[in-house]
Structure formats: C-alpha cells, structure tokens
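S.K.: Structure in structure tokens, see below.
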Amino acid sequence: MSRISGFIAGVLFGMGLLLAGMANPAKVLGFLDLAGQWDPSLGLVMVGAIGVALLPMAWARRHGVAVLGGKMQLPDRRDVDRRLVGGSLLFGVGWGLAGVCPGPALVLLPAGYWQAWLFVVAMLAGMALFQWIETHRRH
C-alpha cells in the first residue's frame with residue numbers, strides 16, 4: 001500500500017510541477033531574474049504550496065506514526081551551520097544556472113530533454129561525491 005500511495009503522490013507532485021510551470025526552465029529563470037523581466041507567478045505557486053503544507057505538517061509534528069502506519073521521519077535539527085548555508089548556496093546557484101531543481105528535472109526526463117538528463121547525471125554525481133566526502137570525513 002505504501003508503494004502505491006508513494007507512486008500516486010509522485011504522479012500528483014509531477015503533475016503539479018507541470019501545471020504550475022515549475023518544470024519550465026524559462027519560467028523559472030524569469031522568476032529568478034529580479035533585475036529584468038521578472039515573473040512573480042512562481043512565487044505565488046510557492047506561497048500556495050506552503051499554505052497547503054501547513055496543516056499536514058502540523059499534524060505530522062503531533063503524531064509519531066504516518067497515516068499509512070509507517071514511522072514519521074521529520075528532521076530534528078533546527079540549527080543553521082556552514083554545511084546548511086553552503087548546500088543552500090550551491091542549490092541556489094545550480095537552480096539559477098539551469099532553471100531546474102531536482103523534482104522538475106525528474107519530471108522532464110521522460111520528455112527527452114537532454115538538459116534534464118545532464119542535470120540528473122550531475123546531481124547524482126554530486127550526491128555520490130558528497131557520500132564519498134562524508135565517508136572519508138568521519139574516518
């Protein structure tokens with residue numbers, strides 16, 4: 001049941017990204033271009049997404065078990081450190097250069113955009129590099 005619900009949630013998320021224009025790099029870059037032809041519509045999408053998530057997140061914080069019975073896995077750290085700031089900056093620079101972040105990149109893969117494939121390969125390489133650094137940092 002959890003795989004089916006995960007699949008359905010993923011499909012709904014992907015459809016939402018497409019409908020909102022979040023999978024369109026030109027629209028995303030227009031949102032990020034504050035000095036040029038700024039397009040604030042994605043900001044409205046983000047505010048709407050935060051609004052929709054408020055009630056489920058409040059519910060999740062009060063319960064230790066998910067709706068389908070699995071253990072609730074919410075982050076417990078709230079501090080801001082160098083790694084969080086650095087990762088956020090790296091994410092933002094990548095988003096600004098490509099006009100795509102991980103979710104929309106995965107949505108664009110089946111459409112055959114070579115840029116999405118390049119982005120996903122680079123993202124996976126970055127994840128592998130991070131794991132390698134973390135493994136060697138701990139030893």
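Identifiers in the structure tokens: chain A, B, ... in order shown; residue index from 1 per chain; ligand index from 1 in order shown.
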Write out as a list in words which residues come within 12 Å of A:Ser41 when counting only C-alpha atoms, dropping same-chain ones fewer than 6 positions away.

M.R.: Ala20, Gly21, Met22, Lys27, Val28, Leu29, Gly30, Phe31, Leu32, Val47 and Gly48 of chain A

S.K.: I need the residues from that last selection saved to file as a CSV table (one decimal), in the first residue's frame (with C-alpha atoms), if you can.

M.R.:
```csv
chain,number,residue,atom,x,y,z
A,20,ALA,CA,2.5,25.3,-12.2
A,21,GLY,CA,5.2,25.8,-14.8
A,22,MET,CA,7.9,24.8,-12.3
A,27,LYS,CA,9.6,30.4,-16.5
A,28,VAL,CA,11.9,29.6,-13.5
A,29,LEU,CA,14.7,31.8,-14.8
A,30,GLY,CA,12.1,34.5,-15.4
A,31,PHE,CA,11.1,34.2,-11.7
A,32,LEU,CA,14.8,34.5,-10.7
A,47,VAL,CA,3.3,30.5,-1.3
A,48,GLY,CA,0.3,28.3,-2.2
```

S.K.: What lies within 9 Å of A:Phe119 using only C-alpha atoms, ignoring chain neighbours under 5 positions off, as a ChimeraX atom specification?

M.R.: /A:98,100-102,105,114,124

S.K.: By how many Å are atom CA of A:Ser2 and atom CA of A:Val67 apart?

M.R.: 10.0 Å

S.K.: Let me make sure I understand: among A:Arg83, A:Leu44, A:Ala60, A:Gln115, which one has the smallest atom-to-atom distance to A:Phe130 if we use only C-alpha atoms?

M.R.: A:Arg83
